[in-house]
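Presented below is the structure to which this report refers.
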Amino acid sequence: MNIYATLLVELLFFSLSILFLFRFRSKLGLAPLYILLGAMQYLQSFSGTIISFEILDKYTIHIGSVIIFSAVLFAILLIYIKEGVNRARTLIIGIIISNFLLSALFGITYLQESALGLIDNYPTKPALILDFRYFITGTVILFFDFILLVILYQFLISKISKLYFFLILFITLTSVLIFDSFAFNLIVKHNEPDFEASLIGHIIGKSFAAFAYSLILYIYLKYVDGESENVSFISNQNKDIFSIIRYRTQHLNPHADQNQVEIKLTSQIETTLNYISDGFVALDTNWCYTYVNIKAGEFLGRSPESLIGKHIWTEFPDSVGLPYYKTYYEAVETQKKQYFENYYEPVDKWFENRIYPSKEGLTIYFTDITEKRKADINNHMLLSLIETSDDFIGLATLEGKPIYLNAHGRKLVGLDEKGILPISISDFFPEKYRDSILNVHIPNIYENNKWDGEVQFKNFKTGDLIPIEVSGFLIRDSSTNKPIASGIVAKDITKRKQVENDLINSEQIFRRLSSNAPVAIFQADKDGSCNYVNEEWLKYSGLTFNEALGFGYVDAIHPEDKARVVNTWQKSISSGEKFVSDLRFLHKNGKTTWLSIKVVGLYDANNELNGYIGMALDISERNKAEEQIVNSKKYLDNIINNIGDPVFVKDDKSHIILVNDAFCSMFNESRANVLGKTLAEDIPPEELDIFLRIDKQVISTGIENVNEETLTIKGKGTRIISTKKTRFIDSSDNIFLIGVIRDITERKKAQIELEKHRNNLEELVEIRTYELEKEKIKAQSADLMKSAFLATMSHELRTPMNSIIGFTSILLKEFAGPLNEEQKKQLSMVKTSSQHLLGLINDILDISKIEAGKLNVTLSPFDYLKTLEKTIDFLLPQVLKKGLSIRSEISEMQIVLKSDERRVEQVLLNLLSNAMKFSTQGTIIVKVHILDNLLVTEVIDQGIGIEEKDLNKLFSPFIQLDGGLNRSHEGTGLGLAICKSLIEKLGGSIQVQSKTGEGSNFTFKLPLDTANNK
């Protein structure tokens, strides 16, 4: 065996020996472990330097001494972690005293042998010669090693997370062993030449030993020790870092307090406590266990003997900081009884704790309430489920007295949440039901354990009757099976009853309506058996109602159609698809009627098929028309195909739907290859774009187009064609494009030849140039006329109208002479009509400018309230003349609006005029306020109002809701459209709320600064 294997065996021997004796300390005590450590000290003293080897031919390591010495520190750390400070202190003192006694014993023996001259007579130097200098120095350093070991470990365990426990052990052992290396070499070998080699050799060897012993100690505590979950760490709580060097008399003998407690406790009390169902624990003032009963040991997962004398937070460090940890301290500090319930995760249990503090410590009773908590949680969940249920759920005694009703049940019958329940369950039902409830239903529940049915509840607040579907049942004791209460679960079926009534009513209505319907209607069950036909069906078939029921309806089908129809109908029933077919009915009198039949499935609320309904429409006339259409189509085809020019018809998507023979011949295509296409397949893209663009133009505008264009045809080269395209709209508003093509290739060639001759004539060029110039001037003139239209209308129409109004006013004022009543009446009518016409002209001009995008606004700040007052004053005489009043509600004393004052005044005038026009009584209210930097104005009248369906048409031009020749209110229908356009031009918005017969509210909003808003 080589040296390394020997050293490994030595390390494992010492470490495992220490752990073995410590593991069985409860049976052997700690004395064998102390003896082993003394022997190891003895062995290290005499043979520590015998086994050694060199590293790098320079550094000597006395590995035997290192392993033995490190094993002693390993044992001290194990005792401290597991047994606490008192036993660790006792062991340290014992080792130091034994070392000094050993030194004295060998010193006396050495002096005796020296005096007798025995030492000089030894033929060789004895191996077990004690070097007193080294031994005494080592013992002193060992003492400080012990102290440093405990202090450093306690410091690290209080600062570093328990997740790094191996690191704590390694740092502690390594630091102490390195300290020992420095201390020993500095004291013993500081003047010797091998000082450096010895120091480095000690550090290397002891670092290796520290790692090995740390790993072994960590594995033992974490995985081998049976109580690893509770003793992985020693807590820093209530443990002073320097507690190892603070001597206290009461801790010299760790069993002294335990013995005193055991003396005080009588065997009778101990026996009683051990057999109670509660856990019982006693702690002294140092937080050490003085008594643990058997039940407490079971709860904690430890034997009572292993806890006596141990520190509670050392044994259960994971409990530090938990709620009951704080409660224990609160009990000590306040000296008041504490009670609480807590969940202890390590054993997955709930405990009820009662803590009784005294001057001697704490007495703790705790009871396992896990099952009770689980039951409480289950009961709570069950109660929550019942309380949130949409059903009526109640409990009653066997005598019928209600004892519980859930929230929905209380709401259903009109009881308050905390109101008193009725005396008897019969009180929930109407008078007519009570005898049945007491004498029939309740006895039925006792006999059969339950009763189901439909009855009615009474609402205690309103007296209304509520139809319900109820289930009553007995609740029995789970152990004795004896009835202990009765329960009731009820569901409000008001909606279902309403649906059933509606269904009955709808069925009756359906029968009444269908019996007089102008089409044949029939019904069948899900198997296809007929159960209803209406009068029209009977008229077509000639059968009686009873003859048509079941499968008798088949007799009405024409014999030539019967097999086909019946077969298709059966397939439709099997597949669930709808049945659509054209067939013939043969009347008993021999009359044949063509019918178009469609049958669909009837489904209930659960989407389950429960029957079929069908409709038969007389299509005899349609068939005749279709025959005529077929004949007409033949005539049309003959006509079109005899036209020499290619003719085609396209739909609104430019797909060809009709062509003549000349078209097919021109394009070298069959009719089947052309129909449904756009001719895009064989035409160059540039030509196709022109064709399709012209198609869209004609379809959208309806303007006929004649265009000359080139056409490249496969196999025929490029041809020049003239195409005439016209839009056609049929009676169903379907749009078609009709085209006629003429090949003008030869004519164009002749024109080109002629043009060549004409090009040589300068006069013809000048004439052509003149014509083009004239056309240009003509086009520019037309554009100028279009641009000047508005200005011309403004001058030419407004000026005469203003004159007419002015001179009419002068005549009415009788400056030119007196007028009789008839003349005044006629002139007033002239003036009114002129003013109305001028307003119409102004409105038309405004709407024209708006639509042309030429309406300009001029923005400048102005006093809005002053403008509003001026508008109201202008209209006030007319308002008063109609017997109305006008009132303004303004929230601001001054409002400066940066906008177009004239256009804003126009909007106010239009809205106020409309309010006056459509009101016959009441008050017109104008409300003004500012909201979010917007000026909000509301014009509210109490007039005729507007129907909701007309609101979306209100702001469209030329729309008069009071339309027709007999409308009672004059106007152009442009006022509101102009208002909306002006307001939006100024950056605002307008909306209306109205109710017929109550009046309207027009609200418009304008930004206070239109320029910034834009």
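All residue names refer to the structure tokens as shown: chains lettered A, B, ... in order, residues numbered from 1 in each chain, ligands numbered from 1 in order.
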
Run DSSP on the backbone and tell me which residues of stretch 516-585 of chain A come out as helix (DSSP H, G or I); list them as a PyMOL selection string.
chain A and resi 535-541+545-548+552-556+559-575

Determine, counting only C-alpha atoms, which protein, DNA and RNA residues have an atom within 7 Å of an atom of A:Val674; residues of the same chain fewer than 4 positions away are not included. Present the result as a list of chain:residue names.
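Counting only the stated atoms, we get A:Ile656, A:Glu669, A:Ser670.
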
Extract the full set of strand (DSSP E) residues from stretch 464-664 of chain A according to DSSP on the backbone, and format it as a ChimeraX atom specification.
/A:465-476,483-492,520-524,530-533,579-586,592-603,609-618,647-651,656-659

Which residue out of A:Lys450, A:Arg354, A:Arg434, A:Arg622 has the minimum interatomic distance to A:Ile475 when only C-alpha atoms are used?
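Smallest distance to A:Ile475 is found for A:Lys450.
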
Find the spatial neighbours of A:His441, counting only C-alpha atoms, within a cut-off of 9 Å - ignore same-chain residues fewer than 2 positions away - and output them as an MDAnalysis selection string.
chainID A and resid 436:439 443:446 450:452 472

Taking 4 positions as the minimum chain separation for residues in the same chain, which residues sit within 6 Å of A:Val928 when counting only C-alpha atoms? Answer as a PyMOL selection string.
chain A and resi 890+936-937

Find the residues near stretch 176-187 of chain A: any atom within 10 Å, counting only C-alpha atoms, skip ones fewer than 3 places away on the same chain, and give them as number ranges by chain.
A: 66, 69-70, 73, 134, 137-138, 140-142, 144-150, 152, 171-173, 190-192, 194-196, 198-207, 209-210

Residue neighbourhood A:Val332, 8 Å, only C-alpha atoms, exclusion window fewer than 3 positions, as a ChimeraX atom specification:
/A:328-329,335-336,357-358,361-362

Contacts of stretch 898-903 of chain A within 8 Å, only C-alpha atoms, excl. fewer than 2 positions in-chain, as a list in words
Val857, Thr858, Leu859, Ser860, Pro861, Phe862, Thr867, Val896, Glu905, Gln906, Val907, Leu982, Leu986, Leu1008, Asp1009, Thr1010 and Ala1011 of chain A

Tell me which of A:Asp604, A:Glu708, A:Asp427, A:Asp555 sits closest to A:Lys401, counting only C-alpha atoms.
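Ranked by minimum distance to A:Lys401, first place goes to A:Asp427.
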